[in-house]
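Below: the structure, in structure tokens.
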2 protein chains.
Amino acid sequence: METTSTTRTDSCAGPRQVDRRPDGQDKYTISEVVAFTGLTAHTLRWYERIGLMPHIDRSHTGQRRYSNRDLDWLDLVGKLRLTGMPVADMVRYAELVREGDHTYGDRFELLKATREDVLSRIAELQDTLAVLDRKINFYADAGRALASERS
Amino acid sequence: METTSTTRTDSCAGPRQVDRRPDGQDKYTISEVVAFTGLTAHTLRWYERIGLMPHIDRSHTGQRRYSNRDLDWLDLVGKLRLTGMPVADMVRYAELVREGDHTYGDRFELLKATREDVLSRIAELQDTLAVLDRKINFYADAGRALASERS
DNA sequence: CGCTTGCTTGGAGCGCACTCCAAGGTTTTA
DNA sequence: TAAAACCTTGGAGTGCGCTCCAAGCAAGCG
């Protein structure tokens, strides 16, 4: 199902990926990845330096060549970033992936904890939404009152 | 409904407030506010410096005395902070409140825009939740496979 | 061949939201 | 009344997540 590879990767990639990638290609320059992900090249190189990326392939002259698998990983990182997960925690997850299959349990726990975080953040936001709606209604009413006063 | 006051405040406070405040009191020291809000005293003073707070009452010797209304405002600020709204935007809202009733329209617009932000952040999080659940299921299945292999 | 555009690196810099410090005045408790 | 706990200020420092810089190598084009 997944294409074979000798390097360690996240063993669970999920269905076909989002931001249209040209079919049947598996080598992207950093600027192509910038276009797909919306991250800057600076950020991509920084992610690598801090250990958030798996080993990235290089061309014969040393330039980065990202694979579809790398793009999938960046998609996950992007999602986790939206949840407010600190980069250090994502690095931890990346380390577990690099360490191999025997870390499945740890990854499972980490993801479950993250899931709980996301649920409570959603709840917080819905709470905030209620407050916002009350205030919006207040100002809408006040606006109507002013309008009728003016007539 | 609201207690009277000559200072400008947010005209829409909403129902009784959360973190149990002693009934019938309207003057709190900074450390009491720290206990109610979970913010540090440093942060409270910093909020004041940057214009995020209305004018805070002082004792005859110059120490801060927060009112229930100030605590309500801090509750709102706390909620907005959870949405990821930049402090600068909250300061803008605080300025509108200070400028008086003729800014109702602007406040309405600002709150509506914030509401939209919150809705899309909730959608993002639900999207992320789906990704997380797929991965969690993957690792749960992998765990079961390992268990049966072991038996 | 020269020109433009793109990629490389280590390290420095930035913006945000706090967070803390020093030095002093105030309030409470024993 | 004396010690301990709390409050005041302006300004400096911190941690995070980037963001940028300088200097140099590489690739494509006329």
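Every chain in the structure tokens takes a letter, A first, then B, and so on in the order presented; its residues are numbered from 1, and the ligands are numbered from 1 following the presented order.
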Which residues, written as a PDB file with C-alpha atoms, in the first residue's frame, have at least one atom at most 10 Å from Gly78 in chain B, with only C-alpha atoms (C1' of nucleotides) counted and residues fewer than 6 positions away on the same chain left out?
ATOM      1  CA  THR A 128     -15.978  31.676  23.798  1.00  0.00           C
TER       2      THR A 128
ATOM      3  CA  THR B  37      -7.880  34.817  37.065  1.00  0.00           C
ATOM      4  CA  GLY B  38      -4.760  32.686  37.160  1.00  0.00           C
ATOM      5  CA  LEU B  39      -2.819  35.542  35.587  1.00  0.00           C
ATOM      6  CA  ASP B  72     -15.565  40.797  34.084  1.00  0.00           C
TER       7      ASP B  72
END
Run DSSP on the backbone and grab whatever in range 4-116 of chain A lands in strand (DSSP E); send it over as an mmCIF file with N, CA and C atoms, in the first residue's frame.
data_model
loop_
_atom_site.group_PDB
_atom_site.id
_atom_site.type_symbol
_atom_site.label_atom_id
_atom_site.label_comp_id
_atom_site.auth_asym_id
_atom_site.auth_seq_id
_atom_site.Cartn_x
_atom_site.Cartn_y
_atom_site.Cartn_z
ATOM 1 N N ASP A 57 16.281 13.450 1.472
ATOM 2 C CA ASP A 57 17.159 13.098 0.350
ATOM 3 C C ASP A 57 17.883 14.321 -0.211
ATOM 4 N N ARG A 58 19.052 14.099 -0.805
ATOM 5 C CA ARG A 58 19.788 15.182 -1.445
ATOM 6 C C ARG A 58 20.104 14.815 -2.895
ATOM 7 N N ARG A 64 18.310 19.711 -1.417
ATOM 8 C CA ARG A 64 17.243 18.880 -0.854
ATOM 9 C C ARG A 64 16.264 18.412 -1.923
ATOM 10 N N ARG A 65 15.864 17.173 -1.821
ATOM 11 C CA ARG A 65 14.835 16.612 -2.699
ATOM 12 C C ARG A 65 13.801 15.940 -1.815
#
Neighbour list for Val33 in chain B as a VMD selection string, cut-off 12 Å, only C-alpha atoms (C1' of nucleotides), skip fewer than 4 positions in-chain: chain B and resid 19 to 22 26 to 29 37 to 45 64 to 75
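The environment of DG13 in chain D within 10 Å, counting only C-alpha atoms (C1' of nucleotides) and disregarding residues fewer than 6 places along the same chain, consists of DT19, DC20 and DC21 of chain C.
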Serialized selection, C-alpha atoms (C1' of nucleotides), as a PDB file, in the first residue's frame:
ATOM      1  C1'  DT C  19       8.409  37.433  33.187  1.00  0.00           C
ATOM      2  C1'  DC C  20      11.509  39.157  36.243  1.00  0.00           C
ATOM      3  C1'  DC C  21      14.551  42.522  38.756  1.00  0.00           C
TER       4       DC C  21
END
Contacts of DT28 in chain C within 12 Å, only C-alpha atoms (C1' of nucleotides), excl. fewer than 2 positions in-chain, as a VMD selection string: (chain C and resid 26 30) or (chain D and resid 2 to 6)
Interface list for chain A, partner chain B, 9 Å threshold, only C-alpha atoms, as a PyMOL selection string: chain A and resi 11-14+76+79-80+82-83+104-105+107-109+111-112+114-115+118-119+121-122+124-129+131-140+142-143
Output for the residues just chosen: C-alpha atoms as a PDB file, in the first residue's frame:
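Written out: again_2.pdb:
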ATOM      1  CA  SER A  11       3.764   4.100   9.500  1.00  0.00           C
ATOM      2  CA  CYS A  12       0.326   5.578   9.187  1.00  0.00           C
ATOM      3  CA  ALA A  13      -0.008   7.980   6.322  1.00  0.00           C
ATOM      4  CA  GLY A  14      -3.715   7.863   5.664  1.00  0.00           C
ATOM      5  CA  LEU A  76       0.644  16.242   9.765  1.00  0.00           C
ATOM      6  CA  LYS A  79      -2.261  20.044  11.538  1.00  0.00           C
ATOM      7  CA  LEU A  80      -0.553  19.552  14.871  1.00  0.00           C
ATOM      8  CA  LEU A  82      -2.859  24.332  14.421  1.00  0.00           C
ATOM      9  CA  THR A  83      -3.716  22.581  17.653  1.00  0.00           C
ATOM     10  CA  TYR A 104       4.042   2.263  18.588  1.00  0.00           C
ATOM     11  CA  GLY A 105       2.735   2.258  22.152  1.00  0.00           C
ATOM     12  CA  ARG A 107       3.051   7.130  19.796  1.00  0.00           C
ATOM     13  CA  PHE A 108      -0.417   5.863  20.577  1.00  0.00           C
ATOM     14  CA  GLU A 109      -0.327   7.488  24.014  1.00  0.00           C
ATOM     15  CA  LEU A 111      -1.689  10.916  20.013  1.00  0.00           C
ATOM     16  CA  LYS A 112      -4.417  10.101  22.514  1.00  0.00           C
ATOM     17  CA  THR A 114      -3.138  15.256  21.883  1.00  0.00           C
ATOM     18  CA  ARG A 115      -6.652  14.216  20.962  1.00  0.00           C
ATOM     19  CA  VAL A 118      -7.870  19.165  20.889  1.00  0.00           C
ATOM     20  CA  LEU A 119     -11.245  18.221  22.343  1.00  0.00           C
ATOM     21  CA  ARG A 121      -9.649  23.372  22.958  1.00  0.00           C
ATOM     22  CA  ILE A 122     -12.756  22.909  20.855  1.00  0.00           C
ATOM     23  CA  GLU A 124     -13.083  26.313  25.071  1.00  0.00           C
ATOM     24  CA  LEU A 125     -13.693  27.846  21.685  1.00  0.00           C
ATOM     25  CA  GLN A 126     -17.369  26.948  21.773  1.00  0.00           C
ATOM     26  CA  ASP A 127     -17.580  28.552  25.180  1.00  0.00           C
ATOM     27  CA  THR A 128     -15.978  31.676  23.798  1.00  0.00           C
ATOM     28  CA  LEU A 129     -18.353  31.583  20.856  1.00  0.00           C
ATOM     29  CA  VAL A 131     -19.831  34.828  24.957  1.00  0.00           C
ATOM     30  CA  LEU A 132     -19.170  36.427  21.599  1.00  0.00           C
ATOM     31  CA  ASP A 133     -22.711  35.751  20.435  1.00  0.00           C
ATOM     32  CA  ARG A 134     -24.181  37.347  23.533  1.00  0.00           C
ATOM     33  CA  LYS A 135     -22.118  40.457  22.957  1.00  0.00           C
ATOM     34  CA  ILE A 136     -22.888  40.535  19.255  1.00  0.00           C
ATOM     35  CA  ASN A 137     -26.591  40.375  20.036  1.00  0.00           C
ATOM     36  CA  PHE A 138     -26.186  43.179  22.522  1.00  0.00           C
ATOM     37  CA  TYR A 139     -24.568  45.439  19.968  1.00  0.00           C
ATOM     38  CA  ALA A 140     -27.043  44.456  17.266  1.00  0.00           C
ATOM     39  CA  ALA A 142     -28.173  48.656  20.507  1.00  0.00           C
ATOM     40  CA  GLY A 143     -27.734  49.424  16.819  1.00  0.00           C
TER      41      GLY A 143
END
Distance-based interface of chain B with chain C, 9 Å, counting only C-alpha atoms (C1' of nucleotides), as a ChimeraX atom specification: /B:42-43,46,61,63,86-87
Filtering to C-alpha atoms, could you give me those residues as a PDB file, in the first residue's frame?
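Once written, result-v4.pdb looks like this:
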ATOM      1  CA  HIS B  42       3.231  41.010  36.388  1.00  0.00           C
ATOM      2  CA  THR B  43       0.809  40.278  33.591  1.00  0.00           C
ATOM      3  CA  TRP B  46       1.581  44.792  31.963  1.00  0.00           C
ATOM      4  CA  THR B  61      -1.609  54.990  49.009  1.00  0.00           C
ATOM      5  CA  GLN B  63      -2.254  50.379  45.416  1.00  0.00           C
ATOM      6  CA  PRO B  86      -3.374  39.069  19.292  1.00  0.00           C
ATOM      7  CA  VAL B  87      -3.127  41.319  22.321  1.00  0.00           C
TER       8      VAL B  87
END
Alpha helix (DSSP H) positions in chain A, given as number ranges by chain: A: 30-37, 41-49, 68-82, 87-99, 104-150
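The chain D residues that come within 9 Å of chain A are DC16, DG17, DC18, DT19, DC20 and DA26 of chain D, with only C-alpha atoms (C1' of nucleotides) taken into account.
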Store the residues picked out above in a file with C-alpha atoms (C1' of nucleotides), as a compact mmCIF listing (two decimals), in the first residue's frame.
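As written to disk, again-v5.txt reads:
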# COMPACT_ATOMS: atom_id res chain seq x y z
C1' DC D 16 9.16 30.34 21.40
C1' DG D 17 8.78 30.05 16.58
C1' DC D 18 10.34 31.61 13.23
C1' DT D 19 12.97 35.04 9.90
C1' DC D 20 16.77 36.87 7.89
C1' DA D 26 24.98 25.36 -8.71
Interatomic distance (Å, one decimal) between CA of Arg49 in chain B and CA of Tyr93 in chain B: 15.4 Å
C1' of DC7 in chain D to CA of Ser59 in chain B, distance in Å rounded to a single decimal: 11.1 Å
